[in-house]
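Pasted below: structure36.cif, mmCIF, C-alpha atoms and all ligand atoms.
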```cif
data_input
loop_
_atom_site.label_atom_id
_atom_site.label_comp_id
_atom_site.auth_asym_id
_atom_site.auth_seq_id
_atom_site.Cartn_x
_atom_site.Cartn_y
_atom_site.Cartn_z
CA MET A 20 0.00 0.00 0.00
CA ILE A 21 2.73 2.46 1.04
CA ASN A 22 4.83 1.30 -1.92
CA ASN A 23 1.94 1.97 -4.31
CA PHE A 24 1.54 5.43 -2.82
CA LEU A 25 5.26 6.16 -3.22
CA GLU A 26 5.21 4.84 -6.80
CA ALA A 27 2.25 7.06 -7.59
CA LEU A 28 4.13 10.04 -6.17
CA GLU A 29 7.10 9.23 -8.40
CA MET A 30 5.02 8.69 -11.55
CA LYS A 31 5.91 11.03 -14.33
CA THR A 32 3.40 13.32 -15.99
CA SER A 33 3.55 15.21 -19.27
CA GLU A 34 4.96 18.04 -17.13
CA ASP A 35 8.11 15.92 -16.74
CA GLY A 36 8.68 16.50 -20.39
CA MET A 37 9.42 14.93 -23.67
CA VAL A 38 12.54 13.06 -24.74
CA VAL A 39 13.46 13.61 -28.39
CA LEU A 40 15.50 10.61 -29.53
CA THR A 41 17.11 10.00 -32.92
CA GLY A 42 17.60 6.47 -34.23
CA ALA A 43 14.48 5.34 -32.38
CA SER A 44 13.52 2.63 -34.85
CA SER A 45 16.31 0.15 -34.25
CA GLY A 46 18.96 -1.26 -31.96
CA ILE A 47 20.06 0.96 -29.10
CA GLY A 48 17.59 3.75 -29.90
CA LEU A 49 14.67 1.34 -29.95
CA ALA A 50 15.70 -0.17 -26.61
CA MET A 51 16.05 3.33 -25.17
CA THR A 52 12.62 4.31 -26.46
CA LYS A 53 11.01 1.28 -24.83
CA ALA A 54 12.83 1.88 -21.54
CA LEU A 55 11.86 5.57 -21.50
CA LEU A 56 8.19 4.80 -22.16
CA LYS A 57 8.22 2.08 -19.51
CA ASN A 58 9.60 4.61 -17.04
CA GLY A 59 6.95 7.21 -17.71
CA TYR A 60 8.69 9.50 -20.19
CA SER A 61 7.07 10.65 -23.43
CA VAL A 62 9.17 10.14 -26.54
CA THR A 63 9.32 11.77 -29.96
CA GLY A 64 11.46 9.38 -31.97
CA ILE A 65 13.20 10.06 -35.26
CA SER A 66 14.12 7.43 -37.83
CA LYS A 67 15.22 7.73 -41.42
CA THR A 68 12.72 5.39 -43.07
CA SER A 69 11.71 2.65 -40.65
CA GLU A 70 8.34 2.21 -39.01
CA ILE A 71 8.01 0.73 -35.52
CA ASP A 72 5.35 -1.95 -35.19
CA THR A 73 6.16 -2.97 -31.65
CA ILE A 74 5.30 0.23 -29.77
CA LYS A 75 1.68 1.13 -29.18
CA SER A 76 1.74 4.04 -26.75
CA GLU A 77 -0.05 7.37 -26.78
CA ASN A 78 3.17 8.80 -25.30
CA PHE A 79 5.16 7.95 -28.42
CA LYS A 80 5.34 9.55 -31.83
CA LEU A 81 7.70 8.62 -34.66
CA GLU A 82 8.92 11.22 -37.14
CA LYS A 83 10.63 10.28 -40.40
CA LEU A 84 13.58 12.50 -41.13
CA ASP A 85 16.84 11.93 -42.97
CA LEU A 86 19.28 13.57 -40.57
CA SER A 87 22.05 13.53 -43.18
CA LYS A 88 20.18 16.13 -45.26
CA LEU A 89 21.91 18.93 -43.42
CA ASP A 90 20.61 21.92 -45.39
CA SER A 91 16.98 21.22 -44.53
CA LEU A 92 17.70 19.83 -41.05
CA PRO A 93 17.12 23.00 -38.96
CA ALA A 94 13.74 23.70 -40.60
CA GLU A 95 12.63 20.07 -40.25
CA LEU A 96 13.61 20.01 -36.58
CA HIS A 97 11.79 23.30 -35.91
CA ARG A 98 8.67 21.72 -37.46
CA ILE A 99 9.00 18.70 -35.13
CA ILE A 100 9.59 20.95 -32.11
CA SER A 101 6.52 23.06 -32.96
CA GLU A 102 4.38 19.92 -32.60
CA ILE A 103 5.70 19.11 -29.09
CA ASP A 104 3.38 20.45 -26.42
CA ALA A 105 5.47 19.59 -23.35
CA PRO A 106 8.81 20.81 -22.04
CA ILE A 107 11.74 19.00 -23.65
CA ARG A 108 13.40 16.93 -20.95
CA ALA A 109 16.20 15.52 -23.11
CA LEU A 110 17.67 15.27 -26.58
CA VAL A 111 19.24 11.87 -27.22
CA HIS A 112 21.33 11.41 -30.36
CA SER A 113 21.52 7.72 -31.23
CA ALA A 114 21.13 7.62 -35.04
CA GLY A 115 24.24 6.42 -36.76
CA ILE A 116 25.76 4.32 -39.51
CA GLY A 117 28.97 2.39 -39.99
CA LYS A 118 31.19 2.24 -43.06
CA PHE A 119 34.37 0.26 -42.57
CA GLY A 120 37.32 -0.65 -44.73
CA SER A 121 40.82 0.57 -45.50
CA LEU A 122 40.88 4.25 -46.45
CA GLU A 123 41.50 3.33 -50.10
CA GLN A 124 38.34 1.22 -50.07
CA LEU A 125 36.08 3.94 -48.69
CA SER A 126 34.30 6.06 -51.28
CA VAL A 127 34.24 9.81 -50.84
CA SER A 128 30.43 9.73 -50.73
CA ASP A 129 30.52 7.17 -47.90
CA MET A 130 33.06 9.30 -46.03
CA LYS A 131 30.76 12.31 -46.34
CA LEU A 132 27.70 10.30 -45.32
CA VAL A 133 29.36 8.99 -42.16
CA MET A 134 30.49 12.45 -41.04
CA GLU A 135 27.10 13.99 -41.89
CA THR A 136 25.06 11.28 -40.16
CA ASN A 137 27.24 10.48 -37.17
CA PHE A 138 28.63 13.90 -36.37
CA LEU A 139 27.37 16.95 -38.27
CA SER A 140 23.70 16.08 -37.80
CA TYR A 141 24.34 15.80 -34.03
CA ALA A 142 26.05 19.20 -33.99
CA ILE A 143 23.35 20.92 -36.07
CA ALA A 144 20.45 19.33 -34.16
CA THR A 145 22.07 20.39 -30.89
CA LYS A 146 22.45 23.94 -32.20
CA VAL A 147 18.71 23.97 -32.97
CA PHE A 148 17.64 22.56 -29.58
CA LEU A 149 20.09 24.32 -27.27
CA PRO A 150 18.47 27.78 -27.12
CA ILE A 151 15.09 26.13 -26.52
CA LEU A 152 16.46 23.97 -23.69
CA LYS A 153 18.15 26.98 -22.11
CA ARG A 154 15.00 29.12 -22.36
CA GLN A 155 12.98 26.44 -20.56
CA ASN A 156 15.19 27.09 -17.53
CA ARG A 157 14.59 23.59 -16.19
CA LEU A 158 16.73 20.48 -16.06
CA ALA A 159 17.53 19.15 -19.54
CA ASP A 160 19.99 16.55 -20.79
CA ILE A 161 21.73 16.28 -24.15
CA ILE A 162 23.06 12.77 -24.57
CA PHE A 163 25.35 11.77 -27.42
CA MET A 164 26.03 8.29 -28.74
CA GLY A 165 29.77 7.90 -28.94
CA SER A 166 31.47 4.54 -29.08
CA GLU A 167 34.64 2.80 -27.99
CA SER A 168 35.65 4.28 -31.38
CA SER A 169 35.38 7.72 -29.72
CA ILE A 170 38.31 6.75 -27.53
CA SER A 171 40.72 4.82 -29.72
CA GLY A 172 41.14 4.35 -33.43
CA GLY A 173 41.37 0.97 -35.06
CA ARG A 174 42.18 -0.70 -38.37
CA TYR A 175 39.47 -0.26 -41.05
CA GLY A 176 37.67 2.27 -38.87
CA SER A 177 39.30 5.53 -39.96
CA ILE A 178 36.19 7.48 -40.94
CA TYR A 179 33.86 5.89 -38.38
CA CYS A 180 36.36 6.57 -35.58
CA ALA A 181 36.88 10.11 -36.87
CA SER A 182 33.13 10.73 -36.69
CA LYS A 183 32.94 9.32 -33.15
CA PHE A 184 36.06 11.21 -31.95
CA ALA A 185 34.37 14.34 -33.30
CA VAL A 186 31.22 13.63 -31.29
CA ARG A 187 33.25 13.21 -28.11
CA GLY A 188 35.22 16.42 -28.61
CA PHE A 189 32.00 18.25 -29.37
CA ALA A 190 30.31 16.85 -26.24
CA GLN A 191 33.24 17.76 -24.00
CA SER A 192 33.32 21.33 -25.30
CA LEU A 193 29.54 21.74 -25.12
CA ARG A 194 29.53 20.47 -21.51
CA GLU A 195 31.88 23.29 -20.57
CA GLU A 196 29.77 25.83 -22.47
CA CYS A 197 26.62 24.65 -20.67
CA ALA A 198 28.13 24.42 -17.20
CA LYS A 199 26.35 27.52 -15.90
CA THR A 200 22.98 26.59 -17.40
CA SER A 201 20.28 24.03 -16.65
CA VAL A 202 21.58 21.83 -19.49
CA ARG A 203 23.74 18.77 -18.79
CA VAL A 204 25.78 17.02 -21.49
CA SER A 205 26.68 13.33 -21.47
CA ILE A 206 28.20 10.84 -23.89
CA LEU A 207 27.85 7.07 -23.98
CA ASN A 208 30.75 5.06 -25.38
CA PRO A 209 29.71 1.43 -25.87
CA GLY A 210 31.84 -1.31 -27.36
CA ALA A 211 30.09 -3.92 -29.51
CA VAL A 212 26.31 -3.89 -29.03
CA ARG A 213 24.24 -6.67 -30.60
CA THR A 214 22.00 -4.71 -33.01
CA PRO A 215 21.11 -4.53 -36.73
CA PHE A 216 24.04 -2.08 -37.09
CA PHE A 217 26.06 -5.07 -38.37
CA ASP A 218 23.46 -6.28 -40.90
CA ASP A 219 25.23 -4.70 -43.88
CA LEU A 220 28.77 -5.09 -42.56
CA ASN A 221 31.14 -8.01 -43.13
CA PHE A 222 31.83 -8.49 -39.43
CA GLU A 223 29.82 -8.73 -36.23
CA PRO A 224 30.39 -9.42 -32.54
CA GLY A 225 31.16 -13.02 -31.64
CA SER A 226 28.13 -15.15 -30.84
CA ALA A 227 28.84 -15.74 -27.14
CA GLN A 228 26.72 -13.78 -24.70
CA ASP A 229 29.74 -11.92 -23.30
CA ASN A 230 30.99 -10.85 -26.77
CA ALA A 231 28.46 -8.01 -27.02
CA ILE A 232 26.50 -5.62 -24.86
CA ASN A 233 22.71 -5.81 -25.19
CA PRO A 234 20.95 -2.61 -26.33
CA GLU A 235 18.88 -2.80 -23.12
CA ASP A 236 22.11 -2.42 -21.10
CA VAL A 237 22.79 0.90 -22.82
CA ALA A 238 19.19 1.96 -22.23
CA GLU A 239 19.66 1.33 -18.48
CA VAL A 240 22.59 3.74 -18.47
CA LEU A 241 20.49 6.36 -20.24
CA LEU A 242 17.91 6.15 -17.44
CA THR A 243 20.67 6.53 -14.83
CA ILE A 244 21.91 9.68 -16.57
CA LEU A 245 18.44 11.19 -16.68
CA GLU A 246 17.73 10.37 -13.03
CA ALA A 247 21.03 11.74 -11.73
CA ARG A 248 20.54 14.39 -9.06
CA PRO A 249 20.33 17.89 -10.57
CA GLY A 250 23.76 19.44 -10.13
CA THR A 251 25.49 16.15 -10.96
CA VAL A 252 26.56 15.39 -14.52
CA ILE A 253 27.37 11.85 -15.61
CA ASP A 254 29.72 13.14 -18.24
CA GLU A 255 30.91 9.94 -19.95
CA VAL A 256 30.05 6.28 -19.61
CA ASN A 257 32.18 3.61 -21.24
CA LEU A 258 30.64 0.15 -21.56
CA SER A 259 32.36 -2.95 -22.94
CA PRO A 260 31.48 -6.55 -23.55
CA GLN A 261 33.40 -8.64 -21.06
CA THR A 262 35.21 -10.52 -23.83
CA ARG A 263 36.02 -8.74 -27.08
CA VAL A 264 35.55 -11.18 -29.95
CA TRP A 265 34.73 -10.14 -33.51
CA SER A 266 33.58 -12.59 -36.10
CA ARG A 267 34.05 -12.21 -39.86
CA LYS A 268 30.89 -13.08 -41.81
CA SER A 269 31.27 -15.59 -44.59
CA SER A 270 30.51 -13.94 -47.94
N1 LIG B 301 25.96 -1.54 -32.41
C1 LIG B 301 27.16 -1.24 -31.91
O1 LIG B 301 28.03 -2.11 -31.74
C2 LIG B 301 27.47 0.18 -31.52
C3 LIG B 301 28.56 0.39 -30.65
C4 LIG B 301 28.87 1.68 -30.27
C5 LIG B 301 28.14 2.74 -30.75
N2 LIG B 301 27.10 2.51 -31.61
C6 LIG B 301 26.35 3.66 -32.09
O2 LIG B 301 25.06 3.57 -31.58
C7 LIG B 301 24.15 4.24 -32.45
C8 LIG B 301 22.98 3.35 -32.76
O3 LIG B 301 23.48 2.20 -33.39
P1 LIG B 301 22.64 0.84 -33.42
O4 LIG B 301 23.60 -0.24 -33.12
O5 LIG B 301 21.42 0.98 -32.62
O6 LIG B 301 22.33 0.79 -35.00
P2 LIG B 301 21.00 0.40 -35.80
O7 LIG B 301 20.29 -0.73 -35.14
O8 LIG B 301 21.46 0.22 -37.21
O9 LIG B 301 20.08 1.72 -35.70
C9 LIG B 301 20.45 2.89 -36.37
C10 LIG B 301 19.35 3.91 -36.22
O10 LIG B 301 19.81 5.15 -36.79
C11 LIG B 301 18.82 5.61 -37.72
N3 LIG B 301 19.47 6.35 -38.81
C12 LIG B 301 20.55 5.98 -39.54
N4 LIG B 301 20.81 6.92 -40.47
C13 LIG B 301 19.88 7.90 -40.31
C14 LIG B 301 19.60 9.11 -40.97
N5 LIG B 301 20.33 9.54 -42.02
N6 LIG B 301 18.54 9.86 -40.55
C15 LIG B 301 17.78 9.44 -39.51
N7 LIG B 301 17.99 8.29 -38.84
C16 LIG B 301 19.02 7.52 -39.25
C17 LIG B 301 18.14 4.35 -38.25
O11 LIG B 301 16.87 4.69 -38.83
P3 LIG B 301 16.25 3.71 -39.98
O12 LIG B 301 15.92 2.41 -39.26
O13 LIG B 301 15.03 4.40 -40.48
O14 LIG B 301 17.32 3.55 -41.01
C18 LIG B 301 18.05 3.55 -36.94
O15 LIG B 301 16.95 4.00 -36.18
C19 LIG B 301 24.98 4.67 -33.67
O16 LIG B 301 25.36 6.02 -33.50
C20 LIG B 301 26.20 3.76 -33.58
O17 LIG B 301 27.32 4.36 -34.19
C21 LIG B 301 26.74 1.24 -32.00
#
```
Represent the structure of the file as C-alpha cells.
Ligand SMILES: NC(=O)c1ccc[n+]([C@@H]2O[C@H](COP(=O)([O-])OP(=O)(O)OC[C@H]3O[C@@H](n4cnc5c(N)ncnc54)[C@H](OP(=O)(O)O)[C@@H]3O)[C@@H](O)[C@H]2O)c1
Amino acid sequence: MINNFLEALEMKTSEDGMVVLTGASSGIGLAMTKALLKNGYSVTGISKTSEIDTIKSENFKLEKLDLSKLDSLPAELHRIISEIDAPIRALVHSAGIGKFGSLEQLSVSDMKLVMETNFLSYAIATKVFLPILKRQNRLADIIFMGSESSISGGRYGSIYCASKFAVRGFAQSLREECAKTSVRVSILNPGAVRTPFFDDLNFEPGSAQDNAINPEDVAEVLLTILEARPGTVIDEVNLSPQTRVWSRKSS
C-alpha cells in the first residue's frame, strides 16, 4: 500500500517533459525508447525510413527524417519541435551508420555520409535545440552516442572513428559551455552492441553472450543519466562486452 503510494508520487506526468530521440527505430535507440516509455517519459522518436510496429503508446510519436540532409535539417527540426506540447526533458542522439574498410576502399560519398550522419547532424540538431532547452530554464539533458571508437582508433575504422572522436570532442566542449545553465551534457561510449548495425557489414560481434552488450544495457545507463541528481553530470560512460571477440561473416 505504502509502496503503491510512493510509486504514484514518483510517476511522471507530461509536465516531466518529452525526450526527443534519434535512431528510435532500431537497436540501441529502440531499446532506449522502450525503456523511456516504460519509465513514464514521453518520446518523440526520429528514424530515417523505418516504421516501428512494436510500440503502441499514446506517449510515443515517430517522425521520419533523414538527418544527413543537413541543409533542410534545422527547418525540419523546428517543425518537429513546434508539434511538441510539453517541455523537452532531453535530446538523445543515437542515429548512426557504420562504413568500414581501408581508407582506399572507402568512397568519398561514404566518407561524407558517415560524417554527416554520425557527427554533423548531431552538432546541427544540438544547435537547434540548445536555445530552446536553455529558455525552458529547467533540467535538460543532451546525450550523445559515442562509441569505444570515440576513444581509440582501429584498423578499417578511420572514418567511423573520426566521426565518433568528433562527437566526443563536441560533447566535452559543449559540456563546458553549458556548465552555468540548466543543461547537462553526457556521452555514452559502448563497445560492440548486438544490433542490426552489423546487418550490412562483413563483421559482427562473436556469438557468445559476453561478446556483445545488449541494447537494453545501454538503455539502463540512459535512465541513470536522466535520473542523476540535478547538479550532478554523468559526463561519460564507457561500456564494454566482457570478452572482445569479432567474427568475420562468410561472404
Ligand atoms: N551496435 C554497436 O556495436 C554500436 C557500438 C557503439 C556505438 N554505436 C552507435 O550507436 C548508435 C545506434 O546504433 P545501433 O547499433 O542501434 O544501429 P542500428 O540498429 O542500425 O540503428 C540505427 C538507427 O539510426 C537511424 N538512422 C541511420 N541513419 C539515419 C539518418 N540519415 N537519418 C535518420 N535516422 C538515421 C536508423 O533509422 P532507420 O531504421 O530508419 O534507417 C536507426 O533508427 C549509432 O550512432 C552507432 O554508431 C553502436
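Between atom CA of A:Ile100 and atom CA of A:Ser66 the interatomic distance comes to 15.4 Å.
Minimum atom-to-atom distance to ligand LIG 301 (chain B), evaluated using all atoms listed in the file, belongs to A:Glu70 out of A:Glu123, A:Glu70, A:Glu195, A:Glu255.
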Could you list, as number ranges by chain, all protein and nucleic acid residues with an atom at most 8 Å from ligand LIG 301 (chain B), counting all atoms listed in the file? A: 41-49, 65-70, 83-88, 112-117, 136-137, 164-168, 179, 183, 208-218, 224, 231-232, 234
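With only C-alpha atoms as the atoms that count, the residue of A:Arg194, A:Val202, A:Ser169, A:Glu82 with the shortest distance to A:Arg98 is A:Glu82.
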Counting only C-alpha atoms, the residue of A:Val147, A:Leu132, A:Leu125, A:Ala54 that sits nearest A:Thr243: A:Ala54
What would stretch 164-187 of chain A look like with N, CA and C atoms in place, written as a tab-separated table (two decimals), in the coordinates of the input?
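After the write, selection.tsv holds the following:
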```
chain	number	residue	atom	x	y	z
A	164	MET	N	25.55	9.67	-28.59
A	164	MET	CA	26.03	8.29	-28.74
A	164	MET	C	27.44	8.34	-29.33
A	165	GLY	N	28.40	8.09	-28.46
A	165	GLY	CA	29.77	7.90	-28.94
A	165	GLY	C	29.97	6.42	-29.18
A	166	SER	N	31.13	5.94	-28.82
A	166	SER	CA	31.47	4.54	-29.08
A	166	SER	C	32.83	4.30	-28.45
A	167	GLU	N	33.23	3.03	-28.35
A	167	GLU	CA	34.64	2.80	-27.99
A	167	GLU	C	35.52	3.43	-29.08
A	168	SER	N	34.93	3.62	-30.28
A	168	SER	CA	35.65	4.28	-31.38
A	168	SER	C	35.76	5.78	-31.17
A	169	SER	N	35.16	6.31	-30.10
A	169	SER	CA	35.38	7.72	-29.72
A	169	SER	C	36.67	7.85	-28.92
A	170	ILE	N	37.20	6.72	-28.49
A	170	ILE	CA	38.31	6.75	-27.53
A	170	ILE	C	39.61	6.24	-28.15
A	171	SER	N	39.50	5.25	-29.03
A	171	SER	CA	40.72	4.82	-29.72
A	171	SER	C	40.40	4.39	-31.14
A	172	GLY	N	41.31	4.71	-32.03
A	172	GLY	CA	41.14	4.35	-33.43
A	172	GLY	C	41.48	2.89	-33.66
A	173	GLY	N	41.07	2.37	-34.77
A	173	GLY	CA	41.37	0.97	-35.06
A	173	GLY	C	41.38	0.72	-36.56
A	174	ARG	N	42.04	-0.35	-36.95
A	174	ARG	CA	42.18	-0.70	-38.37
A	174	ARG	C	40.81	-0.79	-39.04
A	175	TYR	N	40.69	-0.25	-40.23
A	175	TYR	CA	39.47	-0.26	-41.05
A	175	TYR	C	38.35	0.63	-40.48
A	176	GLY	N	38.70	1.42	-39.47
A	176	GLY	CA	37.67	2.27	-38.87
A	176	GLY	C	37.96	3.76	-39.00
A	177	SER	N	38.81	4.15	-39.97
A	177	SER	CA	39.30	5.53	-39.96
A	177	SER	C	38.17	6.55	-39.95
A	178	ILE	N	37.21	6.42	-40.84
A	178	ILE	CA	36.19	7.48	-40.94
A	178	ILE	C	35.14	7.34	-39.82
A	179	TYR	N	34.81	6.09	-39.48
A	179	TYR	CA	33.86	5.89	-38.38
A	179	TYR	C	34.46	6.43	-37.07
A	180	CYS	N	35.72	6.08	-36.81
A	180	CYS	CA	36.36	6.57	-35.58
A	180	CYS	C	36.47	8.10	-35.61
A	181	ALA	N	36.79	8.64	-36.77
A	181	ALA	CA	36.88	10.11	-36.87
A	181	ALA	C	35.54	10.75	-36.50
A	182	SER	N	34.45	10.16	-37.00
A	182	SER	CA	33.13	10.73	-36.69
A	182	SER	C	32.82	10.63	-35.20
A	183	LYS	N	33.23	9.53	-34.57
A	183	LYS	CA	32.94	9.32	-33.15
A	183	LYS	C	33.88	10.13	-32.25
A	184	PHE	N	35.17	10.29	-32.68
A	184	PHE	CA	36.06	11.21	-31.95
A	184	PHE	C	35.47	12.62	-31.99
A	185	ALA	N	34.94	12.99	-33.16
A	185	ALA	CA	34.37	14.34	-33.30
A	185	ALA	C	33.21	14.53	-32.33
A	186	VAL	N	32.37	13.52	-32.21
A	186	VAL	CA	31.22	13.63	-31.29
A	186	VAL	C	31.72	13.84	-29.86
A	187	ARG	N	32.77	13.11	-29.49
A	187	ARG	CA	33.25	13.21	-28.11
A	187	ARG	C	33.87	14.58	-27.83
```
